[in-house]
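*Asks:* Input structure: data_27.cif, which contains mmCIF, C-alpha atoms and all ligand atoms.
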data_run
#
loop_
_atom_site.label_atom_id
_atom_site.label_comp_id
_atom_site.auth_asym_id
_atom_site.auth_seq_id
_atom_site.Cartn_x
_atom_site.Cartn_y
_atom_site.Cartn_z
CA MET G 1 6.16 -3.86 37.01
CA SER G 2 6.28 -3.86 33.27
CA PRO G 3 8.41 -1.22 31.55
CA LYS G 4 6.57 1.79 30.25
CA ALA G 5 5.74 1.50 26.58
CA ASP G 6 7.29 4.00 24.17
CA ASP G 7 3.89 5.05 22.95
CA ALA G 8 2.30 5.65 26.34
CA ASP G 9 2.17 8.78 28.47
CA ASP G 10 1.80 8.72 32.21
CA HIS G 11 -0.37 11.73 32.96
CA GLY G 12 0.74 11.81 36.59
CA ASP G 13 -2.54 10.62 38.00
CA GLY G 14 -1.68 6.98 37.61
CA PHE G 15 -3.73 6.83 34.44
CA LEU G 16 -1.67 5.50 31.60
CA MET G 17 -3.06 7.01 28.42
CA THR G 18 -1.86 5.49 25.20
CA THR G 19 -0.94 7.76 22.35
CA PRO G 20 -0.52 5.28 19.53
CA TRP G 21 0.37 8.05 17.08
CA LYS G 22 3.45 9.15 19.02
CA PRO G 23 5.94 6.83 17.23
CA TYR G 24 4.88 8.61 14.03
CA ALA G 25 5.22 12.16 15.37
CA CYS G 26 6.78 14.81 13.16
CA THR G 27 8.29 18.20 13.88
CA VAL G 28 6.81 21.23 12.19
CA PRO G 29 9.43 23.56 10.67
CA ALA G 30 9.85 26.81 12.60
CA ALA G 31 12.45 29.55 13.04
CA GLY G 32 15.75 27.75 13.58
CA VAL G 33 14.11 24.31 13.31
CA ALA G 34 14.31 22.38 10.04
CA GLY G 35 11.47 20.08 11.04
CA THR G 36 10.60 16.63 9.78
CA ALA G 37 7.04 17.37 8.64
CA SER G 38 5.97 18.04 5.05
CA VAL G 39 3.26 20.53 4.12
CA LEU G 40 0.02 18.71 3.39
CA SER G 41 -1.87 20.58 0.71
CA THR G 42 -3.47 17.90 -1.45
CA VAL G 43 -4.75 14.35 -1.14
CA HIS G 44 -5.65 11.87 -3.87
CA HIS G 45 -8.31 9.29 -4.50
CA VAL G 46 -6.90 6.72 -6.93
CA THR G 47 -9.09 4.13 -8.60
CA HIS G 48 -9.37 1.85 -11.62
CA THR G 49 -10.84 3.05 -14.90
CA GLY G 50 -14.30 1.42 -14.52
CA PRO G 51 -14.99 2.94 -11.08
CA ALA G 52 -13.48 6.24 -12.30
CA LEU G 53 -16.04 6.44 -15.11
CA ARG G 54 -18.84 5.81 -12.59
CA ILE G 55 -17.42 8.62 -10.42
CA LEU G 56 -17.43 10.95 -13.42
CA ALA G 57 -21.00 9.99 -14.33
CA ASP G 58 -22.21 10.33 -10.70
CA GLY G 59 -20.35 13.59 -10.06
CA GLN G 60 -19.06 12.19 -6.77
CA VAL G 61 -16.77 9.62 -5.22
CA THR G 62 -19.29 7.37 -3.51
CA ARG G 63 -18.21 5.87 -0.19
CA GLY G 64 -17.84 2.13 0.00
CA LEU G 65 -17.19 -0.67 2.49
CA ILE G 66 -13.62 -1.12 3.70
CA TYR G 67 -12.04 -4.14 2.00
CA ASP G 68 -8.48 -3.62 3.23
CA GLU G 69 -7.74 -5.18 6.60
CA CYS G 70 -8.85 -2.61 9.19
CA ILE G 71 -10.21 -2.46 12.74
CA LEU G 72 -13.39 -1.02 11.23
CA ASN G 73 -14.13 -4.04 8.98
CA ASP G 74 -16.79 -5.42 11.34
CA SER G 75 -18.48 -2.04 11.78
CA ARG G 76 -19.76 -1.91 8.19
CA THR G 77 -18.44 1.66 8.04
CA THR G 78 -18.39 3.10 4.52
CA VAL G 79 -15.65 5.52 3.49
CA VAL G 80 -13.82 7.27 0.68
CA TRP G 81 -10.05 6.57 0.78
CA LEU G 82 -7.68 9.50 0.36
CA SER G 83 -3.91 9.73 0.62
CA PRO G 84 -1.22 12.36 0.00
CA ASN G 85 1.29 9.69 -1.03
CA ASN G 86 2.65 9.33 -4.53
CA TRP G 87 3.47 5.74 -5.42
CA HIS G 88 6.92 5.50 -6.99
CA ASN G 89 6.39 1.82 -7.81
CA GLY G 90 2.86 2.40 -9.06
CA SER G 91 -0.49 2.35 -7.31
CA ARG G 92 -2.31 -0.80 -6.20
CA TYR G 93 -5.60 1.05 -6.57
CA GLY G 94 -5.59 1.85 -10.31
CA SER G 95 -4.47 4.58 -12.67
CA VAL G 96 -7.03 7.38 -12.39
CA GLN G 97 -6.12 9.95 -9.75
CA PHE G 98 -8.56 12.57 -8.44
CA THR G 99 -6.84 15.29 -6.39
CA PHE G 100 -8.48 17.42 -3.68
CA ASN G 101 -7.32 20.17 -1.35
CA PHE G 102 -6.93 18.67 2.12
CA ALA G 103 -8.32 21.85 3.71
CA ASP G 104 -11.58 21.35 1.78
CA ILE G 105 -11.83 17.76 3.01
CA VAL G 106 -11.37 18.55 6.70
CA ALA G 107 -13.42 21.77 6.78
CA ARG G 108 -16.21 21.49 9.37
CA ARG G 109 -15.19 17.92 10.18
CA LYS G 110 -13.35 16.24 13.05
CA ILE G 111 -10.33 13.97 12.91
CA TYR G 112 -10.02 10.58 14.60
CA TRP G 113 -7.07 8.23 14.91
CA VAL G 114 -7.96 4.78 13.55
CA GLU G 115 -4.82 2.66 13.63
CA VAL G 116 -1.43 1.99 12.13
CA ARG G 117 -0.94 -0.92 9.77
CA LYS G 118 2.60 -2.25 9.90
CA TYR G 119 3.09 -3.02 6.22
CA LYS G 120 6.60 -2.76 4.76
CA ASN G 121 5.93 0.98 4.88
CA HIS G 122 3.87 1.62 7.98
CA ALA G 123 0.49 3.16 7.11
CA TYR G 124 -1.20 5.39 9.69
CA ARG G 125 -4.90 5.94 9.30
CA PHE G 126 -7.19 8.77 10.34
CA MET G 127 -10.92 9.03 9.91
CA ILE G 128 -12.44 12.38 8.93
CA SER G 129 -16.05 12.79 9.95
CA ASP G 130 -18.80 15.17 10.97
CA LYS G 131 -20.72 12.39 12.73
CA ASP G 132 -20.82 10.99 16.26
CA LEU G 133 -18.26 8.17 16.18
CA SER G 134 -18.47 7.20 19.85
CA LYS G 135 -19.56 3.68 18.91
CA LEU G 136 -16.51 3.09 16.73
CA PRO G 137 -13.06 1.99 18.00
CA VAL G 138 -11.46 5.31 17.01
CA THR G 139 -9.87 8.07 19.13
CA PRO G 140 -10.51 11.82 18.78
CA TYR G 141 -7.33 13.53 17.56
CA ASP G 142 -6.62 17.25 17.81
CA PRO G 143 -4.06 18.13 15.10
CA THR G 144 -3.32 21.48 16.78
CA LYS G 145 -2.22 19.83 20.03
CA GLU G 146 -1.21 16.21 19.56
CA GLU G 147 2.33 15.15 18.76
CA GLY G 148 1.49 12.86 15.91
CA PRO G 149 1.94 12.43 12.16
CA LEU G 150 -0.77 14.97 11.30
CA ARG G 151 -0.36 18.53 12.53
CA GLN G 152 -2.00 21.89 11.98
CA VAL G 153 0.05 24.96 12.89
CA GLY G 154 -0.92 28.51 11.96
CA GLY G 155 -3.62 27.19 9.66
CA VAL G 156 -1.11 25.10 7.69
CA TRP G 157 -1.43 21.31 7.58
CA TYR G 158 1.60 19.05 7.92
CA TRP G 159 2.13 15.32 7.71
CA ASN G 160 4.85 12.79 8.36
CA SER G 161 5.72 11.79 4.79
CA GLU G 162 8.25 9.16 5.96
CA HIS G 163 5.28 6.81 6.26
CA THR G 164 2.06 6.18 4.36
CA ALA G 165 -0.89 8.36 5.34
CA GLU G 166 -4.41 7.11 4.72
CA PHE G 167 -7.51 9.19 5.36
CA LEU G 168 -10.93 7.58 5.58
CA LEU G 169 -13.66 10.12 4.85
CA ASP G 170 -16.99 8.75 6.03
CA SER G 171 -19.11 10.58 3.50
CA SER G 172 -19.28 10.72 -0.27
CA LEU G 173 -17.13 13.36 -1.91
CA ILE G 174 -18.61 15.54 -4.64
CA LEU G 175 -16.38 16.30 -7.61
CA HIS G 176 -17.07 20.01 -7.24
CA PHE G 177 -14.06 19.90 -4.88
CA CYS G 178 -11.80 17.99 -7.29
CA LYS G 179 -8.84 20.14 -8.37
CA LYS G 180 -7.02 17.87 -10.77
CA ILE G 181 -7.37 14.59 -12.65
CA ASP G 182 -4.20 12.72 -13.55
CA PHE G 183 -3.22 9.27 -14.75
CA VAL G 184 -0.64 7.28 -12.80
CA LYS G 185 1.22 4.00 -13.17
CA HIS G 186 -0.40 0.83 -11.85
CA HIS G 187 1.79 -1.29 -9.58
CA GLU G 188 3.67 -4.05 -11.44
CA LYS G 189 2.58 -6.91 -9.20
CA MET G 190 -0.07 -5.78 -6.73
CA CYS G 191 -3.71 -4.82 -7.26
CA ALA G 192 -6.24 -3.96 -4.56
CA ALA G 193 -9.25 -4.81 -6.73
CA PRO G 194 -10.92 -8.08 -5.72
CA GLY G 195 -9.91 -10.58 -8.41
CA GLY G 196 -7.37 -8.20 -10.00
CA CYS G 197 -7.83 -5.87 -12.94
CA GLY G 198 -5.60 -6.93 -15.84
CA GLN G 199 -3.86 -3.55 -15.72
CA LEU G 200 -0.73 -4.49 -13.75
CA GLY G 201 2.23 -2.31 -14.70
CA GLN G 202 0.26 -0.10 -17.12
CA ASP G 203 1.53 3.47 -17.18
CA GLY G 204 -1.92 5.12 -17.16
CA THR G 205 -2.13 5.91 -20.88
CA ASN G 206 -5.01 3.48 -21.45
CA ALA G 207 -6.90 4.97 -18.52
CA ALA G 208 -6.26 8.47 -19.92
CA GLY G 209 -7.64 7.47 -23.33
CA ARG G 210 -10.80 5.95 -21.86
CA VAL G 211 -11.47 8.83 -19.46
CA LEU G 212 -11.01 11.51 -22.14
CA ALA G 213 -13.13 9.48 -24.59
CA PHE G 214 -15.84 9.28 -21.91
CA LEU G 215 -15.85 13.00 -21.11
CA LEU G 216 -15.82 14.03 -24.79
CA SER G 217 -18.46 11.57 -25.98
CA ARG G 218 -20.81 12.22 -23.03
CA ASP G 219 -20.27 15.99 -23.29
CA LEU G 220 -19.40 16.17 -19.57
CA ARG G 221 -17.81 19.59 -19.10
CA GLY G 222 -18.21 20.11 -15.34
CA LEU G 223 -14.66 18.87 -14.70
CA ASN G 224 -12.90 20.85 -17.42
CA ASP G 225 -10.94 22.85 -14.85
CA THR G 226 -9.34 19.65 -13.52
CA LEU G 227 -7.79 19.01 -16.94
CA ILE G 228 -6.63 22.55 -17.68
CA VAL G 229 -3.50 24.32 -16.45
CA THR G 230 -3.39 28.11 -16.20
CA ASP G 231 0.33 28.77 -15.72
CA PRO G 232 1.96 30.28 -17.75
CA LYS G 233 -1.26 30.40 -19.80
CA ALA G 234 -4.48 28.43 -20.14
CA ALA G 235 -3.81 25.10 -21.85
CA LEU G 236 -4.91 21.49 -21.70
CA SER G 237 -2.98 19.58 -19.03
CA THR G 238 -0.45 16.93 -19.97
CA ALA G 239 -2.95 14.37 -18.65
CA ALA G 240 -5.70 15.65 -20.96
CA GLU G 241 -3.40 15.75 -24.00
CA ARG G 242 -2.23 12.24 -23.23
CA GLY G 243 -5.81 10.96 -23.22
CA ILE G 244 -6.80 12.81 -26.39
CA LEU G 245 -3.77 11.48 -28.27
CA LYS G 246 -4.39 7.93 -27.01
CA ALA G 247 -8.02 8.06 -28.16
CA TYR G 248 -6.87 9.27 -31.59
CA GLU G 249 -4.22 6.55 -31.85
CA ASP G 250 -6.72 3.86 -30.87
CA LEU G 251 -9.17 4.93 -33.59
CA SER G 252 -6.89 5.92 -36.50
CA ARG G 253 -6.15 2.74 -38.46
CA ASN G 254 -5.80 3.71 -42.15
CA LEU G 255 -9.44 4.68 -42.26
CA GLY G 256 -11.22 4.70 -45.63
CA GLY G 257 -14.96 4.69 -44.91
CA PRO G 258 -17.90 6.50 -46.53
CA ALA G 259 -18.47 9.22 -43.88
CA LYS G 260 -16.99 12.55 -45.00
CA SER G 261 -19.45 15.31 -44.06
CA ASN G 262 -18.81 16.91 -40.68
CA ASP G 263 -22.16 15.67 -39.31
CA ASP G 264 -21.55 12.06 -40.42
CA VAL G 265 -17.97 12.03 -39.14
CA ASP G 266 -18.98 13.59 -35.83
CA ALA G 267 -21.73 11.00 -35.29
CA ALA G 268 -19.34 8.10 -36.00
CA LEU G 269 -16.60 9.70 -33.88
CA ARG G 270 -18.87 10.19 -30.88
CA ALA G 271 -20.11 6.58 -31.09
CA ALA G 272 -16.54 5.26 -31.42
CA LEU G 273 -15.42 7.32 -28.40
CA LEU G 274 -18.31 5.93 -26.33
CA GLN G 275 -17.23 2.38 -27.21
CA LEU G 276 -13.61 3.22 -26.45
CA ALA G 277 -14.61 4.59 -23.04
CA ALA G 278 -16.49 1.35 -22.33
CA GLY G 279 -13.31 -0.61 -23.03
CA GLU G 280 -14.67 -2.03 -26.32
CA GLU G 281 -11.62 -1.16 -28.40
CA THR G 282 -12.35 -3.54 -31.28
CA HIS G 283 -15.92 -2.28 -31.68
CA ALA G 284 -14.69 1.32 -31.44
CA GLN G 285 -12.24 0.70 -34.27
CA ALA G 286 -14.99 -0.91 -36.39
CA THR G 287 -17.15 2.20 -35.87
CA ALA G 288 -14.26 4.54 -36.68
CA LYS G 289 -13.75 2.68 -39.98
CA LEU G 290 -16.88 4.49 -41.22
CA ILE G 291 -14.79 7.69 -41.36
CA ARG G 292 -13.14 8.67 -44.66
CA SER G 293 -9.56 9.15 -43.43
CA ASP G 294 -7.28 9.40 -40.41
CA ASP G 295 -6.76 13.06 -41.24
CA LEU G 296 -10.51 13.75 -41.15
CA LEU G 297 -10.80 11.88 -37.85
CA CYS G 298 -7.97 14.01 -36.45
CA ARG G 299 -9.56 17.30 -37.61
CA ARG G 300 -13.01 16.49 -36.22
CA LEU G 301 -11.55 15.20 -32.93
CA ALA G 302 -9.59 18.45 -32.66
CA GLU G 303 -12.81 20.38 -33.28
CA LEU G 304 -14.66 18.33 -30.64
CA VAL G 305 -11.87 19.01 -28.12
CA LYS G 306 -11.96 22.74 -28.94
CA ARG G 307 -15.73 22.94 -28.44
CA HIS G 308 -15.51 20.92 -25.23
CA PHE G 309 -12.62 22.64 -23.45
CA LYS G 310 -12.58 26.00 -25.27
CA LEU G 311 -8.90 25.22 -25.83
CA GLU G 312 -6.97 23.62 -28.66
CA SER G 313 -5.08 20.36 -28.36
CA THR G 314 -1.40 20.59 -29.21
CA ALA G 315 -1.08 16.80 -29.28
CA LEU G 316 -3.20 16.35 -32.41
CA LYS G 317 -1.21 17.18 -35.55
CA PHE G 318 -2.80 17.53 -39.00
ZN ZN G 401 -5.53 -3.11 -10.47
#
Show me this structure written as structure tokens.

*Replies:*
Amino acid sequence: MSPKADDADDHGDGFLMTTPWKPYACTVPAAGVAGTASVLSTVHHVTHTGPALRILADGQVTRGLIYDECILNDSRTTVVWLSPNNWHNGSRYGSVQFTFNFADIVARRKIYWVEVRKYKNHAYRFMISDKDLSKLPVTPYDPTKEEGPLRQVGGVWYWNSEHTAEFLLDSSLILHFCKKIDFVKHHEKMCAAPGGCGQLGQDGTNAAGRVLAFLLSRDLRGLNDTLIVTDPKAALSTAAERGILKAYEDLSRNLGGPAKSNDDVDAALRAALLQLAAGEETHAQATAKLIRSDDLLCRRLAELVKRHFKLESTALKF
């Protein structure tokens, strides 16, 4: 007789039911118990700048095929990847981070165990779905009962943050639920994009500049709340200020062009920001050269920011 596996439970009826999540179980803090679980309040979708701009234009994170190695590869399942992890060494997925409340993601949906991937840091995966998944190789998981890495106690979500958590949402995710946009470091050596991205090791400043240039030039205001902080008072977030300053720095190059009226400067500025967002930095700088001076560029960019966010930038100085 083979020894009983660590991750199997004998239910007393001779039926050996595997609980593959058990090695990743965590203890929820309670009176007199410190616990090993962390509160799970937010999850992130991190992506490269190009896909991020498409997300902003579409107003949703569109689900896609699974390219990472996964038991669902053959099923042609399409998902949106979400994780609560923060990547100290940088993200393999890009520099633009969309943050959502986990409770919004799981509301009216069920949770299924997918698998664990034994990378250097083990990654456990759950699927979140409101569909019938009986044809997929996944296992229903009740976070209120199971001893696993994802728990729900008293309405509060917990996760085992000693490992990597990956959530596969099998529907597109509208940005109405996005709470925060931030810009994070790209991993120094690894990139998940097929063929790589040319952004290895970048700290997210370029992504910030392109995203803010995109939102300002396209007059997309629906996500303003994700770039504003309210404590201790309403102000642009550090992420927003970083992008605004980067856009200014990319365009201000001892300008001395003919455009000096507000209308002419604004037209050139908007066109230059659109080119900057598209990654055409050289063309953007050529367009910005139409503007009379760096100071005028700074003043009109500040005015554009103020109209857009109803808040003033503290990063732009003139
Ligand atoms: Zn990359």

*Asks:* Can you tell me which residues surround segment 74-90 of chain G at a distance of at most 6 Å, considering only C-alpha atoms, apart from same-chain residues fewer than 5 positions away, and format the answer as a PyMOL selection string?

*Replies:* chain G and resi 43-45+63-65+165-170+185-187

*Asks:* Expressed in Å to a single decimal, how great is the separation between atom CA of Glu303 of chain G and atom CA of Phe98 of chain G?

*Replies:*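 Between atom CA of Glu303 of chain G and atom CA of Phe98 of chain G the gap works out to 26.4 Å.
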
*Asks:* Using only C-alpha atoms, which protein or nucleic acid residues come within 7 Å of Asn121 of chain G? Drop anything in the same chain fewer than 2 positions from it, and give the result as an mmCIF file with C-alpha atoms, in the coordinates of the input.

*Replies:*
data_model
loop_
_atom_site.group_PDB
_atom_site.id
_atom_site.type_symbol
_atom_site.label_atom_id
_atom_site.label_comp_id
_atom_site.auth_asym_id
_atom_site.auth_seq_id
_atom_site.Cartn_x
_atom_site.Cartn_y
_atom_site.Cartn_z
ATOM 1 C CA LYS G 118 2.600 -2.250 9.900
ATOM 2 C CA TYR G 119 3.090 -3.020 6.220
ATOM 3 C CA ALA G 123 0.490 3.160 7.110
ATOM 4 C CA HIS G 163 5.280 6.810 6.260
ATOM 5 C CA THR G 164 2.060 6.180 4.360
#

*Asks:* So, counting all atoms listed in the file, which residue among G:Ser95, G:Ser38, G:Thr314, G:Thr18 is closest to ligand ZN 401 (chain G)?

*Replies:*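 Of G:Ser95, G:Ser38, G:Thr314, G:Thr18, the one nearest ligand ZN 401 (chain G), counting all atoms listed in the file, is G:Ser95.
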
*Asks:* Kindly assemble as a Markdown table a list of the chain G residues that lie within 12 Å of ligand ZN 401 (chain G), each paired with its nearest atom pair and their distance in Å to one decimal, using all atoms listed in the file, sorted first by chain and then by ascending residue number.

*Replies:*
| residue | atom | partner | partner_atom | distance |
| --- | --- | --- | --- | --- |
| G:Val46 | CA | G:ZN401 | ZN | 10.5 |
| G:Thr47 | CA | G:ZN401 | ZN | 8.3 |
| G:His48 | CA | G:ZN401 | ZN | 6.4 |
| G:Thr49 | CA | G:ZN401 | ZN | 9.3 |
| G:Gly50 | CA | G:ZN401 | ZN | 10.7 |
| G:Pro51 | CA | G:ZN401 | ZN | 11.2 |
| G:Gly90 | CA | G:ZN401 | ZN | 10.1 |
| G:Ser91 | CA | G:ZN401 | ZN | 8.1 |
| G:Arg92 | CA | G:ZN401 | ZN | 5.8 |
| G:Tyr93 | CA | G:ZN401 | ZN | 5.7 |
| G:Gly94 | CA | G:ZN401 | ZN | 5.0 |
| G:Ser95 | CA | G:ZN401 | ZN | 8.1 |
| G:Val96 | CA | G:ZN401 | ZN | 10.8 |
| G:Val184 | CA | G:ZN401 | ZN | 11.7 |
| G:Lys185 | CA | G:ZN401 | ZN | 10.2 |
| G:His186 | CA | G:ZN401 | ZN | 6.6 |
| G:His187 | CA | G:ZN401 | ZN | 7.6 |
| G:Glu188 | CA | G:ZN401 | ZN | 9.3 |
| G:Lys189 | CA | G:ZN401 | ZN | 9.0 |
| G:Met190 | CA | G:ZN401 | ZN | 7.1 |
| G:Cys191 | CA | G:ZN401 | ZN | 4.1 |
| G:Ala192 | CA | G:ZN401 | ZN | 6.0 |
| G:Ala193 | CA | G:ZN401 | ZN | 5.5 |
| G:Pro194 | CA | G:ZN401 | ZN | 8.7 |
| G:Gly195 | CA | G:ZN401 | ZN | 8.9 |
| G:Gly196 | CA | G:ZN401 | ZN | 5.4 |
| G:Cys197 | CA | G:ZN401 | ZN | 4.4 |
| G:Gly198 | CA | G:ZN401 | ZN | 6.6 |
| G:Gln199 | CA | G:ZN401 | ZN | 5.5 |
| G:Leu200 | CA | G:ZN401 | ZN | 6.0 |
| G:Gly201 | CA | G:ZN401 | ZN | 8.9 |
| G:Gln202 | CA | G:ZN401 | ZN | 9.3 |
| G:Asp203 | CA | G:ZN401 | ZN | 11.8 |
| G:Gly204 | CA | G:ZN401 | ZN | 11.2 |
| G:Ala207 | CA | G:ZN401 | ZN | 11.5 |

*Asks:* Might I get the box with edges along x, y and z of the file that holds all atoms of segment 157-168 of chain G listed there, padded by 3 Å on every side, given as centre and edge lengths in Å to one decimal, as lines of an AutoDock Vina configuration file?

*Replies:*
center_x = -1.3
center_y = 13.7
center_z = 6.4
size_x = 25.2
size_y = 21.1
size_z = 10.0

*Asks:* Starting from the point (-15.2, 5.7, -34.5), work out which residues of protein, DNA or RNA have an atom no more than 10 Å away when counting all atoms listed in the file; state them as a VMD selection string.

*Replies:* chain G and resid 247 to 248 250 to 252 255 265 to 276 281 283 to 291 297

*Asks:* For the atom pair atom CA of Arg117 of chain G and atom CA of Ile71 of chain G, what is the interatomic distance in Å to one decimal place?

*Replies:* 9.9 Å

*Asks:* Rounded to one decimal, what separation in Å do you get between atom CA of Lys179 of chain G and atom CA of Glu162 of chain G?

*Replies:*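 Computing the Euclidean distance for atom CA of Lys179 of chain G and atom CA of Glu162 of chain G yields 24.9 Å.
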
*Asks:* Please report as JSON lines every residue of segment 19-75 of chain G lying within 10 Å of segment 124-132 of chain G, along with the nearest atom pair and their distance in Å (one decimal), using all atoms listed in the file.

*Replies:*
{"residue": "G:Pro20", "atom": "CA", "partner": "G:Tyr124", "partner_atom": "CA", "distance": 9.9}
{"residue": "G:Trp21", "atom": "CA", "partner": "G:Tyr124", "partner_atom": "CA", "distance": 8.0}
{"residue": "G:Tyr24", "atom": "CA", "partner": "G:Tyr124", "partner_atom": "CA", "distance": 8.1}
{"residue": "G:Cys70", "atom": "CA", "partner": "G:Arg125", "partner_atom": "CA", "distance": 9.4}

*Asks:* For Val156 of chain G, which residue out of G:Tyr141, G:Phe102, G:Trp113, G:Phe177 is the nearest one, using all atoms listed in the file?

*Replies:*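 Of all the options, G:Phe102 lies closest to Val156 of chain G.
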
*Asks:* I'd like the neighbourhood of Ile174 of chain G as a PyMOL selection string, where a residue qualifies if any of its atoms comes within 8 Å (using only C-alpha atoms), though same-chain residues fewer than 4 positions away should be ignored.

*Replies:* chain G and resi 59-61+178

*Asks:* Rank nothing, just name the residue among G:Asn206, G:Ser293, G:Gln152, G:Thr238 nearest to Pro258 of chain G, using only C-alpha atoms.

*Replies:*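 For Pro258 of chain G, the nearest of the candidates is G:Ser293.
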
*Asks:* Please, which residues are within 6 Å of (0.2, 19.2, 5.4) by the file's coordinates, counting all atoms listed in the file, and could they come as a ChimeraX atom specification?

*Replies:* /G:38-41,157-159

*Asks:* Would you mind telling me which residue in G:Asn101, G:Ser134, G:Asn160, G:Ser217 lies nearest to Pro23 of chain G when using only C-alpha atoms?

*Replies:*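 Result for the nearest residue to Pro23 of chain G: G:Asn160.
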
*Asks:* Taking only C-alpha atoms into account, which of G:Lys233, G:Arg151, G:Arg300, G:Lys260 comes nearest Thr36 of chain G?

*Replies:* G:Arg151

*Asks:* Could you add N, CA, C and O atoms to segment 150-163 of chain G and give me the result as a PDB file, keeping the file's coordinate frame?

*Replies:*
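Listed below is the output, out07.pdb:
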ATOM      1  N   LEU G 150       0.044  13.960  11.971  1.00  0.00           N
ATOM      2  CA  LEU G 150      -0.770  14.970  11.300  1.00  0.00           C
ATOM      3  C   LEU G 150      -0.853  16.184  12.213  1.00  0.00           C
ATOM      4  O   LEU G 150      -1.268  16.076  13.366  1.00  0.00           O
ATOM      5  N   ARG G 151      -0.410  17.331  11.684  1.00  0.00           N
ATOM      6  CA  ARG G 151      -0.360  18.530  12.530  1.00  0.00           C
ATOM      7  C   ARG G 151      -0.993  19.699  11.786  1.00  0.00           C
ATOM      8  O   ARG G 151      -0.984  19.765  10.557  1.00  0.00           O
ATOM      9  N   GLN G 152      -1.522  20.641  12.569  1.00  0.00           N
ATOM     10  CA  GLN G 152      -2.000  21.890  11.980  1.00  0.00           C
ATOM     11  C   GLN G 152      -1.423  23.025  12.820  1.00  0.00           C
ATOM     12  O   GLN G 152      -1.709  23.125  14.026  1.00  0.00           O
ATOM     13  N   VAL G 153      -0.606  23.847  12.185  1.00  0.00           N
ATOM     14  CA  VAL G 153       0.050  24.960  12.890  1.00  0.00           C
ATOM     15  C   VAL G 153      -0.149  26.223  12.056  1.00  0.00           C
ATOM     16  O   VAL G 153       0.189  26.250  10.857  1.00  0.00           O
ATOM     17  N   GLY G 154      -0.705  27.253  12.671  1.00  0.00           N
ATOM     18  CA  GLY G 154      -0.920  28.510  11.960  1.00  0.00           C
ATOM     19  C   GLY G 154      -1.779  28.341  10.717  1.00  0.00           C
ATOM     20  O   GLY G 154      -1.568  29.021   9.717  1.00  0.00           O
ATOM     21  N   GLY G 155      -2.718  27.415  10.790  1.00  0.00           N
ATOM     22  CA  GLY G 155      -3.620  27.190   9.660  1.00  0.00           C
ATOM     23  C   GLY G 155      -3.040  26.320   8.557  1.00  0.00           C
ATOM     24  O   GLY G 155      -3.720  26.006   7.581  1.00  0.00           O
ATOM     25  N   VAL G 156      -1.757  25.936   8.718  1.00  0.00           N
ATOM     26  CA  VAL G 156      -1.110  25.100   7.690  1.00  0.00           C
ATOM     27  C   VAL G 156      -1.108  23.647   8.169  1.00  0.00           C
ATOM     28  O   VAL G 156      -0.823  23.361   9.333  1.00  0.00           O
ATOM     29  N   TRP G 157      -1.434  22.740   7.250  1.00  0.00           N
ATOM     30  CA  TRP G 157      -1.430  21.310   7.580  1.00  0.00           C
ATOM     31  C   TRP G 157      -0.078  20.689   7.247  1.00  0.00           C
ATOM     32  O   TRP G 157       0.533  21.033   6.236  1.00  0.00           O
ATOM     33  N   TYR G 158       0.340  19.774   8.110  1.00  0.00           N
ATOM     34  CA  TYR G 158       1.600  19.050   7.920  1.00  0.00           C
ATOM     35  C   TYR G 158       1.376  17.567   8.135  1.00  0.00           C
ATOM     36  O   TYR G 158       0.482  17.176   8.883  1.00  0.00           O
ATOM     37  N   TRP G 159       2.218  16.770   7.492  1.00  0.00           N
ATOM     38  CA  TRP G 159       2.130  15.320   7.710  1.00  0.00           C
ATOM     39  C   TRP G 159       3.523  14.713   7.723  1.00  0.00           C
ATOM     40  O   TRP G 159       4.486  15.297   7.221  1.00  0.00           O
ATOM     41  N   ASN G 160       3.600  13.537   8.330  1.00  0.00           N
ATOM     42  CA  ASN G 160       4.850  12.790   8.360  1.00  0.00           C
ATOM     43  C   ASN G 160       4.920  11.949   7.090  1.00  0.00           C
ATOM     44  O   ASN G 160       4.298  10.889   6.992  1.00  0.00           O
ATOM     45  N   SER G 161       5.688  12.454   6.103  1.00  0.00           N
ATOM     46  CA  SER G 161       5.720  11.790   4.790  1.00  0.00           C
ATOM     47  C   SER G 161       6.734  10.643   4.747  1.00  0.00           C
ATOM     48  O   SER G 161       6.946  10.040   3.698  1.00  0.00           O
ATOM     49  N   GLU G 162       7.353  10.336   5.898  1.00  0.00           N
ATOM     50  CA  GLU G 162       8.250   9.160   5.960  1.00  0.00           C
ATOM     51  C   GLU G 162       7.438   7.874   5.913  1.00  0.00           C
ATOM     52  O   GLU G 162       7.965   6.799   5.649  1.00  0.00           O
ATOM     53  N   HIS G 163       6.157   7.984   6.235  1.00  0.00           N
ATOM     54  CA  HIS G 163       5.280   6.810   6.260  1.00  0.00           C
ATOM     55  C   HIS G 163       4.119   7.043   5.306  1.00  0.00           C
ATOM     56  O   HIS G 163       4.008   8.097   4.696  1.00  0.00           O
TER      57      HIS G 163
END
